[in-house]
2 protein chains.
Amino acid sequence: MRARTMAEDYPTFGLDDEALLAARELARRRLPGVVVVDGSGRPVAVLPSSQVLRFLVPHYVQEDPSLAGVFDEGTADRCAAKLGGQSVRHLLPPPDKRTELARVDGDATVIECAAVMARLRSPLLVVADGDVVHGVLTASHLLEILLPSA
Amino acid sequence: MRARTMAEDYPTFGLDDEALLAARELARRRLPGVVVVDGSGRPVAVLPSSQVLRFLVPHYVQEDPSLAGVFDEGTADRCAAKLGGQSVRHLLPPPDKRTELARVDGDATVIECAAVMARLRSPLLVVADGDVVHGVLTASHLLEILLPSA
C-alpha cells in the first residue's frame with residue numbers, strides 16, 4: 001500500500017486565491033486545513049484553520065482574551081471584511097518562518113508516512129510527486145491503517 | 001453564544017485507560033485527538049493522533065524514514081502489541097514537557113475561544129468548568145460560527 005493510493009482528495013488553494021474563499025471552505029467542510037500550492041501547482045504549505053483564527057483575532061486579544069468583547073451581529077461582518085481583499089498568501093507566515101511542509105512522494109509506504117507525521121507532529125500530510133498533488137493523509141487515517149479494529 | 005452551548009461531544013479517556021482503546025477510537029472515528037482527564041475528571045491534556053504515531057514509530061525511523069521497511073501483515077500486529085499493556089499516560093509527554101492545554105470555561109465567548117486557539121495554535125479546544133468537561137470546539141467549527149456562508 002503506497003501513499004498515492006491511500007491519499008484522500010482535499011481542497012487545494014493557490015497563494016493568490018482569495019483568503020475568504022479558503023477560510024469559508026475550511027469552515028463549511030470543517031477541515032483541519034487546506035493545501036496551498038504555488039503558481040506551478042507545487043505544494044508549499046498547509047493552511048490550518050487555527051492559522052486563520054490567528055489572522056482574525058487581534059494580537060492583543062490573543063494575549064488577553066478578556067479583552068475580546070461580545071460577539072454580536074457585527075462580528076461576522078468584521079471577520080469577513082478583514083479577510084476581504086486578502087489572498088491566501090497573507091494568511092500564511094512569511095516563507096522564512098513557515099514550518100517544514102509535511103509531505104511524501106506517492107511511493108511512500110504507510111510507515112514512511114507515519115514517520116514524517118510523527119517527526120513534524122503534523123495532523124495533515126501532503127502526498128505529491130513534483131507538482132502533482134495526489135491528496136492528503138491525516139494522522140487518524142494512518143492510525144486506522146496501522147491499527148485495524150480488533 | 002457561549003462555549004458551553006457550542007461545544008460538541010467528544011471522547012474522553014482517563015490517564016489510566018488502555019492506550020490501545022484510545023488509539024483505536026482515534027482511528028475508528030478519524031478524530032484529530034481525544035481529551036485526557038485525571039482521576040477526578042479534570043482535563044489535563046489533548047492526545048492528538050500524531051502523538052500516537054510518535055509512540056508507534058521508532059525514533060530512528062522518524063529521523064530517517066527510508067529505514068521504515070515494508071508494511072506487511074505483521075506490522076498491524078506489532079503496532080497493537082506495542083500499545084498493549086500501556087496506558088494513555090504513557091502516550092503523553094511527561095507532565096513538565098506537555099504544552100499548555102487549550103481550554104476555556106463554559107462562559108467563554110466565541111472570540112475568547114478563538115483567541116485561545118489562535119495563541120496556542122491548537123486544533124482542539126477543551127470547554128470545561130472545573131472537572132466537568134462540556135465537550136470540545138475545533139478551529140474550523142469556530143470559523144463556521146465567525147464566517148457564516150455568504
# chains A, B, ... in the order shown; residues from 1 in each chain; ligands from 1

$ interface_residues --of "chain A" --to "chain B" --cutoff "6 Å" --atoms "only C-alpha atoms" --output "short mmCIF file (atom, residue, chain, number, x, y, z; two decimals) with N, CA, C and O atoms, in the first residue's frame"
data_model
loop_
_atom_site.label_atom_id
_atom_site.label_comp_id
_atom_site.auth_asym_id
_atom_site.auth_seq_id
_atom_site.Cartn_x
_atom_site.Cartn_y
_atom_site.Cartn_z
N LEU A 26 -12.73 25.93 4.72
CA LEU A 26 -12.34 25.31 6.00
C LEU A 26 -13.54 25.21 6.93
O LEU A 26 -13.75 24.20 7.60
N ALA A 27 -14.32 26.29 6.96
CA ALA A 27 -15.48 26.36 7.86
C ALA A 27 -16.58 25.41 7.41
O ALA A 27 -17.09 24.60 8.19
N ARG A 30 -15.55 21.86 7.67
CA ARG A 30 -14.96 21.56 8.98
C ARG A 30 -13.62 20.85 8.85
O ARG A 30 -13.35 19.82 9.49
N SER A 49 -6.77 25.67 10.06
CA SER A 49 -7.84 26.57 10.50
C SER A 49 -7.38 27.47 11.62
O SER A 49 -7.78 28.64 11.70
N SER A 50 -6.53 26.96 12.51
CA SER A 50 -6.09 27.78 13.64
C SER A 50 -5.26 28.98 13.16
O SER A 50 -5.24 30.02 13.82
N LEU A 53 -7.65 31.69 12.37
CA LEU A 53 -8.07 32.35 13.61
C LEU A 53 -7.00 33.35 14.07
O LEU A 53 -7.32 34.44 14.54
N ARG A 54 -5.73 32.99 13.91
CA ARG A 54 -4.64 33.92 14.28
C ARG A 54 -4.74 35.21 13.49
O ARG A 54 -4.45 36.29 14.00
N GLN A 62 -5.42 37.87 21.58
CA GLN A 62 -4.81 36.55 21.77
C GLN A 62 -4.05 36.51 23.09
O GLN A 62 -4.07 35.52 23.81
N PRO A 65 -7.49 37.27 26.36
CA PRO A 65 -8.83 37.01 25.80
C PRO A 65 -9.94 37.77 26.52
O PRO A 65 -11.03 37.92 25.97
N ALA A 68 -11.74 40.45 24.66
CA ALA A 68 -12.38 40.03 23.42
C ALA A 68 -13.66 40.79 23.10
O ALA A 68 -13.99 41.01 21.95
N ALA A 76 -19.37 38.83 12.62
CA ALA A 76 -19.18 38.02 11.42
C ALA A 76 -18.85 38.93 10.23
O ALA A 76 -17.98 38.61 9.42
N ILE A 111 4.47 3.26 6.80
CA ILE A 111 5.37 3.59 7.92
C ILE A 111 6.18 4.85 7.60
O ILE A 111 6.42 5.68 8.49
N GLU A 112 6.57 5.02 6.35
CA GLU A 112 7.27 6.26 5.98
C GLU A 112 6.37 7.47 6.23
O GLU A 112 6.81 8.50 6.73
N ALA A 115 6.14 8.12 9.87
CA ALA A 115 7.39 8.67 10.39
C ALA A 115 7.46 10.18 10.16
O ALA A 115 7.84 10.94 11.05
N ALA A 118 4.93 11.90 12.41
CA ALA A 118 5.36 11.83 13.81
C ALA A 118 6.45 12.86 14.08
O ALA A 118 6.39 13.60 15.06
N ARG A 119 7.42 12.94 13.17
CA ARG A 119 8.53 13.87 13.39
C ARG A 119 8.06 15.31 13.39
O ARG A 119 8.44 16.12 14.22
N ARG A 121 4.95 16.33 13.86
CA ARG A 121 3.73 16.49 14.68
C ARG A 121 2.62 17.13 13.86
O ARG A 121 1.89 17.99 14.34
N ALA A 139 -3.44 12.02 10.35
CA ALA A 139 -2.80 11.12 11.32
C ALA A 139 -3.78 10.01 11.73
O ALA A 139 -3.39 8.85 11.88
N SER A 140 -5.06 10.36 11.88
CA SER A 140 -6.01 9.33 12.33
C SER A 140 -6.31 8.33 11.22
O SER A 140 -6.60 7.17 11.49
N LEU A 143 -3.57 5.89 11.50
CA LEU A 143 -3.82 5.00 12.65
C LEU A 143 -4.84 3.93 12.26
O LEU A 143 -4.74 2.79 12.69
N GLU A 144 -5.81 4.32 11.45
CA GLU A 144 -6.84 3.36 11.02
C GLU A 144 -6.20 2.22 10.22
O GLU A 144 -6.61 1.07 10.32
N LEU A 146 -2.90 1.38 10.45
CA LEU A 146 -1.93 0.70 11.32
C LEU A 146 -2.61 -0.15 12.39
O LEU A 146 -2.01 -1.10 12.90
N LEU A 147 -3.82 0.25 12.78
CA LEU A 147 -4.50 -0.43 13.89
C LEU A 147 -5.91 -0.83 13.50
O LEU A 147 -6.88 -0.29 14.03
#

$ select_by_dssp --residues "region 90-135 of chain B" --states "helix (DSSP H, G or I)" --output "CSV table (one decimal) with C-alpha atoms, in the first residue's frame"
chain,number,residue,atom,x,y,z
B,90,HIS,CA,2.4,6.5,28.5
B,91,LEU,CA,1.4,8.1,25.2
B,95,PRO,CA,4.0,16.5,32.6
B,96,ASP,CA,6.9,19.0,32.5
B,97,LYS,CA,7.1,18.7,28.7
B,110,VAL,CA,-16.7,32.9,20.6
B,111,ILE,CA,-13.9,35.4,20.3
B,112,GLU,CA,-12.4,34.3,23.6
B,113,CYS,CA,-12.4,30.7,22.3
B,114,ALA,CA,-10.8,31.9,19.0
B,115,ALA,CA,-8.2,33.9,20.9
B,116,VAL,CA,-7.0,30.9,23.0
B,117,MET,CA,-6.9,28.6,19.9
B,118,ALA,CA,-5.0,31.2,17.9
B,119,ARG,CA,-2.4,31.8,20.6
B,120,LEU,CA,-1.8,28.1,21.2

$ residues_around --residues "Gly130 (chain B)" --least-positions-apart "4" --cutoff "9 Å" --atoms "only C-alpha atoms" --output "VMD selection string"
chain B and resid 41 to 43 105

$ write_last_selection --atoms "C-alpha atoms" --output "PDB file, in the first residue's frame"
ATOM      1  CA  GLY B  41     -12.248  14.065  35.782  1.00  0.00           C
ATOM      2  CA  ARG B  42     -10.292  17.279  35.308  1.00  0.00           C
ATOM      3  CA  PRO B  43      -8.981  17.656  31.716  1.00  0.00           C
ATOM      4  CA  ASP B 105     -14.596  27.975  30.814  1.00  0.00           C
TER       5      ASP B 105
END

$ residues_around --residues "His134 (chain B)" --least-positions-apart "6" --cutoff "10 Å" --atoms "only C-alpha atoms" --output "JSON, numbers by chain"
{"B": [3, 4, 5, 6, 7, 8, 9, 10, 105, 106, 126, 127, 128]}

$ write_last_selection --atoms "N, CA, C and O atoms" --output "mmCIF file, in the first residue's frame"
data_model
loop_
_atom_site.group_PDB
_atom_site.id
_atom_site.type_symbol
_atom_site.label_atom_id
_atom_site.label_comp_id
_atom_site.auth_asym_id
_atom_site.auth_seq_id
_atom_site.Cartn_x
_atom_site.Cartn_y
_atom_site.Cartn_z
ATOM 1 N N ALA B 3 -19.339 29.167 25.040
ATOM 2 C CA ALA B 3 -18.588 27.944 24.724
ATOM 3 C C ALA B 3 -19.371 26.684 25.132
ATOM 4 O O ALA B 3 -19.378 25.681 24.416
ATOM 5 N N ARG B 4 -20.033 26.760 26.283
ATOM 6 C CA ARG B 4 -20.761 25.602 26.822
ATOM 7 C C ARG B 4 -21.794 25.066 25.829
ATOM 8 O O ARG B 4 -21.965 23.856 25.682
ATOM 9 N N THR B 5 -22.486 25.984 25.142
ATOM 10 C CA THR B 5 -23.546 25.556 24.224
ATOM 11 C C THR B 5 -22.998 25.221 22.838
ATOM 12 O O THR B 5 -23.617 24.467 22.099
ATOM 13 N N MET B 6 -21.828 25.771 22.497
ATOM 14 C CA MET B 6 -21.240 25.471 21.188
ATOM 15 C C MET B 6 -20.474 24.149 21.204
ATOM 16 O O MET B 6 -20.331 23.492 20.176
ATOM 17 N N ALA B 7 -19.963 23.764 22.377
ATOM 18 C CA ALA B 7 -19.063 22.598 22.469
ATOM 19 C C ALA B 7 -19.753 21.336 21.977
ATOM 20 O O ALA B 7 -20.939 21.124 22.205
ATOM 21 N N GLU B 8 -18.982 20.512 21.289
ATOM 22 C CA GLU B 8 -19.525 19.256 20.782
ATOM 23 C C GLU B 8 -18.948 18.082 21.568
ATOM 24 O O GLU B 8 -17.807 18.125 22.034
ATOM 25 N N ASP B 9 -19.762 17.058 21.658
ATOM 26 C CA ASP B 9 -19.398 15.875 22.418
ATOM 27 C C ASP B 9 -18.129 15.254 21.832
ATOM 28 O O ASP B 9 -17.957 15.210 20.617
ATOM 29 N N TYR B 10 -17.290 14.762 22.705
ATOM 30 C CA TYR B 10 -16.014 14.239 22.249
ATOM 31 C C TYR B 10 -15.567 13.140 23.190
ATOM 32 O O TYR B 10 -15.816 13.218 24.382
ATOM 33 N N ASP B 105 -13.423 28.234 29.989
ATOM 34 C CA ASP B 105 -14.596 27.975 30.814
ATOM 35 C C ASP B 105 -15.849 27.942 29.937
ATOM 36 O O ASP B 105 -15.849 28.459 28.817
ATOM 37 N N GLY B 106 -16.907 27.377 30.464
ATOM 38 C CA GLY B 106 -18.154 27.281 29.732
ATOM 39 C C GLY B 106 -18.719 28.631 29.319
ATOM 40 O O GLY B 106 -19.439 28.728 28.324
ATOM 41 N N VAL B 126 -10.668 22.525 24.664
ATOM 42 C CA VAL B 126 -11.499 21.830 25.656
ATOM 43 C C VAL B 126 -12.341 22.868 26.392
ATOM 44 O O VAL B 126 -11.814 23.878 26.859
ATOM 45 N N VAL B 127 -13.653 22.616 26.457
ATOM 46 C CA VAL B 127 -14.555 23.500 27.190
ATOM 47 C C VAL B 127 -14.941 22.795 28.483
ATOM 48 O O VAL B 127 -15.540 21.708 28.455
ATOM 49 N N ALA B 128 -14.561 23.379 29.618
ATOM 50 C CA ALA B 128 -14.803 22.707 30.899
ATOM 51 C C ALA B 128 -14.933 23.727 32.010
ATOM 52 O O ALA B 128 -14.314 24.792 31.988
#

$ select_by_dssp --residues "region 91-132 of chain B" --states "strand (DSSP E or B)" --output "ChimeraX atom specification"
/B:103-104,109,124-129,132

$ atom_distance --atom1 "CA of Pro94 (chain A)" --atom2 "CA of Lys82 (chain A)"
18.6 Å
